[in-house]
file entry.cif (mmCIF, C-alpha atoms and all ligand atoms)
data_final
loop_
_atom_site.label_atom_id
_atom_site.label_comp_id
_atom_site.auth_asym_id
_atom_site.auth_seq_id
_atom_site.Cartn_x
_atom_site.Cartn_y
_atom_site.Cartn_z
CA MET A 687 121.03 84.84 91.49
CA PRO A 688 123.25 85.85 94.48
CA LEU A 689 122.46 89.27 95.90
CA ILE A 690 125.27 91.77 95.52
CA ALA A 691 125.36 94.94 97.61
CA ALA A 692 126.44 97.08 94.66
CA TYR A 693 126.28 100.30 96.67
CA ASP A 694 128.97 99.18 99.14
CA ALA A 695 131.60 100.42 96.69
CA TYR A 696 129.86 103.78 96.25
CA ALA A 697 128.35 104.56 99.66
CA ASP A 698 130.59 107.52 100.46
CA TRP A 699 130.12 108.84 96.93
CA TYR A 700 126.31 108.39 97.22
CA GLU A 701 126.20 110.21 100.57
CA ASP A 702 127.78 113.27 98.91
CA TYR A 703 125.91 112.89 95.61
CA VAL A 704 122.37 113.04 97.00
CA SER A 705 123.07 116.23 98.92
CA GLY A 706 125.40 117.72 96.28
CA LYS A 707 125.03 117.35 92.53
CA ALA A 708 121.72 115.48 92.81
CA ALA A 709 120.25 117.73 95.54
CA PRO A 710 117.44 119.14 93.33
CA TYR A 711 116.38 115.59 92.40
CA THR A 712 116.61 114.49 96.03
CA ARG A 713 114.42 117.45 97.02
CA ARG A 714 111.78 116.83 94.34
CA SER A 715 111.57 113.10 95.02
CA GLY A 716 111.27 113.93 98.72
CA GLU A 717 108.38 116.27 97.98
CA LEU A 718 106.57 113.46 96.14
CA LEU A 719 107.22 111.14 99.08
CA ALA A 720 105.75 113.67 101.53
CA ASP A 721 102.76 114.39 99.31
CA LEU A 722 101.86 110.71 98.85
CA LEU A 723 102.70 109.41 102.33
CA GLY A 724 100.99 112.22 104.18
CA ALA A 725 100.86 112.71 107.93
CA GLY A 726 100.59 109.68 110.17
CA ALA A 727 101.77 107.96 113.31
CA GLY A 728 103.62 104.73 113.99
CA ALA A 729 106.39 103.00 112.09
CA CYS A 730 107.11 103.74 108.46
CA LEU A 731 109.57 101.31 106.92
CA ASP A 732 112.03 103.14 104.67
CA LEU A 733 112.63 100.23 102.31
CA CYS A 734 116.05 100.38 100.62
CA CYS A 735 116.80 103.38 102.82
CA GLY A 736 120.32 103.87 101.49
CA THR A 737 122.12 106.53 103.50
CA GLY A 738 118.89 107.47 105.30
CA VAL A 739 118.32 110.62 103.32
CA ARG A 740 114.50 110.16 103.58
CA ALA A 741 114.39 109.80 107.37
CA ALA A 742 113.86 113.51 108.06
CA THR A 743 110.99 113.76 105.55
CA ILE A 744 109.26 110.69 107.00
CA GLY A 745 109.79 111.88 110.57
CA ALA A 746 108.50 115.39 109.82
CA LEU A 747 105.17 113.84 108.80
CA GLY A 748 104.80 112.29 112.26
CA TRP A 749 105.92 108.76 111.35
CA THR A 750 108.74 106.88 113.04
CA PRO A 751 111.18 105.94 110.26
CA LEU A 752 112.85 102.50 110.32
CA GLY A 753 115.32 101.64 107.58
CA VAL A 754 116.22 98.46 105.73
CA ASP A 755 118.96 98.12 103.14
CA LEU A 756 121.17 95.45 101.62
CA SER A 757 124.30 97.60 101.64
CA ARG A 758 126.25 97.79 104.89
CA GLY A 759 128.18 100.70 103.36
CA GLN A 760 124.97 102.69 102.87
CA LEU A 761 123.72 101.68 106.35
CA ARG A 762 126.95 103.02 107.88
CA HIS A 763 125.69 106.50 106.93
CA ALA A 764 122.03 105.75 107.66
CA THR A 765 122.56 104.76 111.29
CA ALA A 766 123.10 108.40 112.16
CA ARG A 767 119.61 109.19 110.84
CA LEU A 768 117.30 106.29 111.75
CA PRO A 769 117.24 102.81 113.30
CA VAL A 770 118.23 100.32 110.58
CA ALA A 771 118.40 96.63 109.77
CA HIS A 772 120.51 94.85 107.19
CA ALA A 773 118.12 92.80 105.07
CA ASP A 774 116.92 91.95 101.58
CA ALA A 775 113.81 93.89 100.57
CA ALA A 776 112.30 90.67 99.22
CA ALA A 777 112.63 88.83 102.57
CA LEU A 778 111.97 91.32 105.35
CA PRO A 779 112.59 90.43 109.02
CA VAL A 780 109.19 91.93 109.81
CA ALA A 781 106.02 90.26 111.10
CA THR A 782 103.12 89.81 108.70
CA GLY A 783 100.46 92.52 108.91
CA SER A 784 102.44 94.65 111.36
CA LEU A 785 103.32 97.95 109.70
CA PRO A 786 101.13 101.01 109.08
CA ALA A 787 103.35 102.34 106.27
CA VAL A 788 106.16 101.40 103.90
CA ALA A 789 108.00 103.78 101.55
CA CYS A 790 110.39 102.72 98.81
CA VAL A 791 112.22 105.65 97.23
CA LEU A 792 114.46 105.51 94.16
CA ALA A 793 115.16 101.82 94.53
CA HIS A 794 112.92 99.81 92.23
CA THR A 795 115.50 99.82 89.41
CA ASP A 796 118.03 98.34 91.86
CA LEU A 797 115.87 95.27 92.43
CA PRO A 798 115.90 92.33 90.00
CA ASP A 799 112.29 91.39 90.86
CA TYR A 800 110.31 94.44 91.99
CA PRO A 801 106.94 92.63 91.88
CA ALA A 802 108.31 90.19 94.50
CA VAL A 803 109.35 93.11 96.69
CA VAL A 804 105.89 94.70 96.39
CA ARG A 805 104.38 91.35 97.42
CA GLU A 806 106.64 91.42 100.48
CA VAL A 807 105.50 94.98 101.22
CA ALA A 808 101.89 93.80 101.03
CA ARG A 809 102.70 90.97 103.45
CA VAL A 810 104.17 93.24 106.14
CA LEU A 811 101.56 96.00 105.86
CA ARG A 812 98.63 95.86 108.21
CA PRO A 813 95.11 96.30 106.78
CA GLY A 814 94.68 99.95 105.85
CA GLY A 815 98.46 100.41 105.71
CA ARG A 816 100.00 102.68 103.09
CA PHE A 817 102.62 101.86 100.49
CA VAL A 818 104.39 104.74 98.78
CA HIS A 819 106.56 104.05 95.77
CA VAL A 820 108.75 106.87 94.44
CA GLY A 821 111.05 106.02 91.57
CA VAL A 822 112.68 107.19 88.39
CA HIS A 823 109.91 107.74 85.88
CA PRO A 824 109.55 104.45 83.95
CA CYS A 825 108.59 106.23 80.71
CA PHE A 826 111.33 108.83 80.59
CA VAL A 827 114.30 107.63 82.65
CA GLY A 828 116.47 104.64 81.86
CA ALA A 829 119.00 103.35 79.37
CA PHE A 830 116.37 103.99 76.66
CA ALA A 831 116.15 107.74 77.38
CA ASP A 832 118.71 110.39 76.44
CA TRP A 833 118.41 113.70 78.32
CA SER A 834 121.57 115.28 76.89
CA ASP A 835 119.62 117.63 74.59
CA ARG A 836 117.23 119.17 77.13
CA PRO A 837 114.45 120.18 77.02
CA ARG A 838 114.07 117.38 74.46
CA VAL A 839 114.20 113.80 75.74
CA PHE A 840 114.91 111.08 73.20
CA VAL A 841 113.27 107.74 74.00
CA ASP A 842 114.15 104.70 71.91
CA GLU A 843 113.08 101.09 71.41
CA ARG A 844 115.00 99.87 74.45
CA TYR A 845 111.96 100.92 76.51
CA ALA A 846 110.76 97.34 76.01
CA ASP A 847 114.04 95.86 77.32
CA ARG A 848 113.70 94.81 80.97
CA SER A 849 117.22 93.47 81.35
CA TYR A 850 119.92 94.84 83.65
CA THR A 851 122.28 97.36 82.11
CA THR A 852 124.83 99.98 83.10
CA GLU A 853 124.10 102.00 79.94
CA ALA A 854 123.21 105.57 80.82
CA TRP A 855 123.25 108.92 79.02
CA ASP A 856 125.00 110.47 82.04
CA PRO A 857 128.29 108.68 82.83
CA SER A 858 128.59 110.58 86.13
CA GLY A 859 125.30 109.39 87.64
CA VAL A 860 124.21 106.45 89.77
CA ARG A 861 123.21 104.12 86.93
CA ALA A 862 126.55 104.16 85.14
CA ARG A 863 128.03 102.95 88.45
CA VAL A 864 125.59 100.37 89.80
CA GLY A 865 123.42 99.68 86.74
CA ALA A 866 119.65 99.30 86.67
CA TRP A 867 116.77 97.04 85.82
CA HIS A 868 114.03 98.72 83.82
CA VAL A 869 110.40 98.26 84.86
CA PRO A 870 108.00 99.52 82.16
CA LEU A 871 105.00 101.52 83.37
CA ALA A 872 102.47 98.71 82.95
CA ASP A 873 104.68 96.27 84.88
CA LEU A 874 105.04 98.77 87.71
CA LEU A 875 101.30 99.41 88.04
CA ASN A 876 100.51 95.71 87.69
CA ALA A 877 103.01 94.86 90.44
CA VAL A 878 100.95 96.95 92.86
CA THR A 879 97.59 95.45 92.02
CA ALA A 880 98.96 91.88 91.68
CA ALA A 881 100.24 92.16 95.26
CA GLY A 882 96.67 92.78 96.39
CA LEU A 883 97.15 96.47 97.12
CA ARG A 884 94.55 99.06 96.14
CA PHE A 885 95.98 101.80 93.94
CA VAL A 886 94.98 105.22 95.29
CA ARG A 887 96.89 107.98 93.53
CA ALA A 888 99.89 108.81 91.33
CA ALA A 889 102.02 111.95 91.13
CA GLU A 890 104.81 113.10 88.82
CA SER A 891 107.61 115.62 89.03
CA GLY A 892 110.08 116.94 86.51
CA PRO A 893 112.62 119.69 86.03
CA GLY A 894 110.69 121.07 83.03
CA GLY A 895 107.84 119.68 81.00
CA VAL A 896 108.95 116.05 81.16
CA ALA A 897 108.58 114.14 84.41
CA ASP A 898 111.63 112.27 85.70
CA VAL A 899 110.06 110.96 88.93
CA LEU A 900 106.84 108.99 89.38
CA GLY A 901 105.20 108.34 92.71
CA LEU A 902 102.38 105.95 93.60
CA LEU A 903 100.23 105.58 96.71
CA ALA A 904 98.53 102.24 97.36
CA VAL A 905 96.71 100.89 100.41
CA LYS A 906 96.32 97.36 101.77
CA PRO A 907 92.57 96.63 101.81
CA GLY A 908 90.85 95.69 105.00
C1 LIG W 1001 119.44 104.60 94.69
S1 LIG W 1001 119.57 103.99 96.34
C2 LIG W 1001 118.20 104.83 97.10
C3 LIG W 1001 118.45 105.09 98.55
C4 LIG W 1001 117.38 105.97 99.23
N1 LIG W 1001 116.08 105.32 99.27
C5 LIG W 1001 117.27 107.31 98.57
O1 LIG W 1001 116.15 107.76 98.31
O2 LIG W 1001 118.33 107.95 98.33
C6 LIG W 1001 118.99 102.32 96.22
C7 LIG W 1001 119.22 101.52 97.49
O3 LIG W 1001 118.62 100.24 97.36
C8 LIG W 1001 119.43 99.32 98.08
N2 LIG W 1001 119.12 97.95 97.66
C9 LIG W 1001 119.39 97.36 96.48
N3 LIG W 1001 118.97 96.09 96.46
C10 LIG W 1001 118.41 95.86 97.66
C11 LIG W 1001 117.76 94.72 98.25
N4 LIG W 1001 117.64 93.57 97.58
N5 LIG W 1001 117.30 94.85 99.51
C12 LIG W 1001 117.44 96.00 100.21
N6 LIG W 1001 118.03 97.11 99.70
C13 LIG W 1001 118.50 97.04 98.44
C14 LIG W 1001 120.82 99.76 97.75
O4 LIG W 1001 121.79 99.22 98.63
C15 LIG W 1001 120.68 101.27 97.81
O5 LIG W 1001 121.01 101.78 99.07
#
call {"tool": "encode", "arguments": {"input": "entry.cif", "output": "structure tokens"}}
result
Amino acid sequence: MPLIAAYDAYADWYEDYVSGKAAPYTRRSGELLADLLGAGAGACLDLCCGTGVRAATIGALGWTPLGVDLSRGQLRHATARLPVAHADAAALPVATGSLPAVACVLAHTDLPDYPAVVREVARVLRPGGRFVHVGVHPCFVGAFADWSDRPRVFVDERYADRSYTTEAWDPSGVRARVGAWHVPLADLLNAVTAAGLRFVRAAESGPGGVADVLGLLAVKPG
């Protein structure tokens, strides 16, 4: 399937959205990123960096953020925040075993084959290197979940449907614009271990009782 940089058409909108309407979600997902990544030194690849909104969080922990994204529109904003490269997350222009850390934030539902991307992460990490995944919560966020009657969240049978869709309860959000692939919880966890990474810790965050963000920390053995 040809890769389409779906965010090119929405980059200016996304730049405003993450610091405007979605600011609380951006803040909470950033807190999970900081908690799981922790302090460190050396390069941290901000995989699918978008507009570079995570660069400050990564840098504040002592890491040197480097961004990769498929969308030149998103990268136009990101260049003001971190050094970037235009590349596909599944085929990184990065030497094998070279990076101490990789973070992928709010991007797994944009990728048609997330397990392949996690395998690529495992390739570029050096032994002992950290991988932090932060994404929409696979159990409670997706086309299968309706949040319009908060604090109740209605989850239906489409949880089992892994296909791409632009269906979304909120027509003003990201997913109604660019669509999403759904990765059920078991698939997500299995992608990490199948890539040869050692799962270390998970963390959740939500606006009330139900979590809408899930974060994972895994390490490359060695
Ligand atoms: C929802 S945005 C998240 C951006 C940023 N990480 C954040 O936390 O706001 C998802 C990003 O993934 C990028 N993306 C989608 N497919 C990609 C691919 N195959 N390779 C690299 N980046 C990709 C998009 O261009 C977009 O910038």
call {"tool": "atom_distance", "arguments": {"input": "entry.cif", "atom1": "CA of Glu890 (chain A)", "atom2": "CA of Asp755 (chain A)"}}
result
25.1 Å
call {"tool": "residues_near_ligand", "arguments": {"input": "entry.cif", "ligand": "ligand LIG 1001 (chain W)", "cutoff": "6 Å", "atoms": "all atoms listed in the file", "output": "list in words"}}
result
Ala691, Tyr693, Cys734, Cys735, Gly736, Val739, Asp755, Leu756, Ser757, Gln760, Ala773, Asp774, Ala775, Val791, Leu792, Ala793, Asp796 and Leu797 of chain A
call {"tool": "atom_distance", "arguments": {"input": "entry.cif", "atom1": "CA of Asp721 (chain A)", "atom2": "CA of Val754 (chain A)"}}
result
21.8 Å
call {"tool": "residues_near_point", "arguments": {"input": "entry.cif", "point": "(103.4, 90.6, 104.8)", "cutoff": "8 Å", "atoms": "all atoms listed in the file", "output": "VMD selection string"}}
result
chain A and resid 780 to 784 805 to 812
call {"tool": "atom_distance", "arguments": {"input": "entry.cif", "atom1": "CA of Leu903 (chain A)", "atom2": "CA of Ala872 (chain A)"}}
result
15.5 Å
call {"tool": "closest_residue", "arguments": {"input": "entry.cif", "among": "A:Ala727, A:Ala771, A:Val827, A:Ala880", "to": "Tyr800 (chain A)", "atoms": "only C-alpha atoms"}}
result
A:Ala880
call {"tool": "residues_near_point", "arguments": {"input": "entry.cif", "point": "(97.8, 91.6, 95.1)", "cutoff": "10 Å", "atoms": "only C-alpha atoms", "output": "list in words"}}
result
Pro801, Val804, Arg805, Ala808, Arg809, Asn876, Ala877, Val878, Thr879, Ala880, Ala881, Gly882, Leu883, Arg884, Lys906 and Pro907 of chain A
call {"tool": "residues_around", "arguments": {"input": "entry.cif", "residues": "Val820 (chain A)", "least_positions_apart": "2", "cutoff": "8 Å", "atoms": "all atoms listed in the file", "output": "number ranges by chain"}}
result
A: 715, 718-719, 789-792, 818, 822, 899-902
call {"tool": "residues_around", "arguments": {"input": "entry.cif", "residues": "Glu701 (chain A)", "least_positions_apart": "2", "cutoff": "8 Å", "atoms": "all atoms listed in the file", "output": "ChimeraX atom specification"}}
result
/A:697-699,703-705,737,760,763
call {"tool": "axis_aligned_box", "arguments": {"input": "entry.cif", "around": "region 742-754 of chain A", "padding_each_side": "6 Å", "output": "JSON"}}
result
{"center_x": 110.5, "center_y": 106.9, "center_z": 109.3, "size_x": 23.4, "size_y": 28.9, "size_z": 19.5}
call {"tool": "build_atoms", "arguments": {"input": "entry.cif", "residues": "region 855-875 of chain A", "atoms": "N, CA, C and O atoms", "output": "short mmCIF file (atom, residue, chain, number, x, y, z; two decimals), in the frame of the given file"}}
result
data_model
loop_
_atom_site.label_atom_id
_atom_site.label_comp_id
_atom_site.auth_asym_id
_atom_site.auth_seq_id
_atom_site.Cartn_x
_atom_site.Cartn_y
_atom_site.Cartn_z
N TRP A 855 122.81 107.74 79.79
CA TRP A 855 123.25 108.92 79.02
C TRP A 855 124.24 109.75 79.83
O TRP A 855 125.09 110.44 79.26
N ASP A 856 124.13 109.69 81.17
CA ASP A 856 125.00 110.47 82.04
C ASP A 856 126.03 109.55 82.70
O ASP A 856 125.71 108.82 83.64
N PRO A 857 127.29 109.60 82.27
CA PRO A 857 128.29 108.68 82.83
C PRO A 857 128.68 109.03 84.26
O PRO A 857 129.37 108.25 84.91
N SER A 858 128.21 110.18 84.76
CA SER A 858 128.59 110.58 86.13
C SER A 858 127.50 110.27 87.15
O SER A 858 127.64 110.61 88.33
N GLY A 859 126.42 109.63 86.72
CA GLY A 859 125.30 109.39 87.64
C GLY A 859 125.36 108.03 88.32
O GLY A 859 126.35 107.29 88.22
N VAL A 860 124.29 107.71 89.01
CA VAL A 860 124.21 106.45 89.77
C VAL A 860 124.22 105.25 88.84
O VAL A 860 124.92 104.26 89.09
N ARG A 861 123.45 105.33 87.76
CA ARG A 861 123.21 104.12 86.93
C ARG A 861 124.45 103.66 86.18
O ARG A 861 124.60 102.46 85.93
N ALA A 862 125.31 104.57 85.80
CA ALA A 862 126.55 104.16 85.14
C ALA A 862 127.45 103.42 86.13
O ALA A 862 128.32 102.64 85.73
N ARG A 863 127.23 103.62 87.42
CA ARG A 863 128.03 102.95 88.45
C ARG A 863 127.45 101.61 88.84
O ARG A 863 128.13 100.59 88.81
N VAL A 864 126.17 101.62 89.25
CA VAL A 864 125.59 100.37 89.80
C VAL A 864 124.66 99.66 88.83
O VAL A 864 124.22 98.54 89.09
N GLY A 865 124.33 100.30 87.71
CA GLY A 865 123.42 99.68 86.74
C GLY A 865 121.97 99.77 87.19
O GLY A 865 121.65 100.33 88.25
N ALA A 866 121.08 99.22 86.36
CA ALA A 866 119.65 99.30 86.67
C ALA A 866 118.88 98.24 85.91
O ALA A 866 119.26 97.85 84.81
N TRP A 867 117.79 97.79 86.53
CA TRP A 867 116.77 97.04 85.82
C TRP A 867 115.68 98.03 85.43
O TRP A 867 115.36 98.94 86.21
N HIS A 868 115.12 97.85 84.25
CA HIS A 868 114.03 98.72 83.82
C HIS A 868 112.70 98.03 84.05
O HIS A 868 112.54 96.85 83.72
N VAL A 869 111.75 98.76 84.63
CA VAL A 869 110.40 98.26 84.86
C VAL A 869 109.44 99.15 84.08
O VAL A 869 109.17 100.28 84.50
N PRO A 870 108.93 98.69 82.94
CA PRO A 870 108.00 99.52 82.16
C PRO A 870 106.78 99.90 83.00
O PRO A 870 106.44 99.22 83.98
N LEU A 871 106.11 100.96 82.58
CA LEU A 871 105.00 101.52 83.37
C LEU A 871 103.93 100.47 83.70
O LEU A 871 103.48 100.37 84.84
N ALA A 872 103.53 99.70 82.71
CA ALA A 872 102.47 98.71 82.95
C ALA A 872 102.91 97.68 83.98
O ALA A 872 102.13 97.28 84.86
N ASP A 873 104.16 97.25 83.91
CA ASP A 873 104.68 96.27 84.88
C ASP A 873 104.64 96.84 86.29
O ASP A 873 104.31 96.14 87.26
N LEU A 874 105.00 98.13 86.40
CA LEU A 874 105.04 98.77 87.71
C LEU A 874 103.64 98.83 88.32
O LEU A 874 103.43 98.46 89.48
N LEU A 875 102.68 99.30 87.54
CA LEU A 875 101.30 99.41 88.04
C LEU A 875 100.74 98.02 88.35
O LEU A 875 100.07 97.82 89.38
#
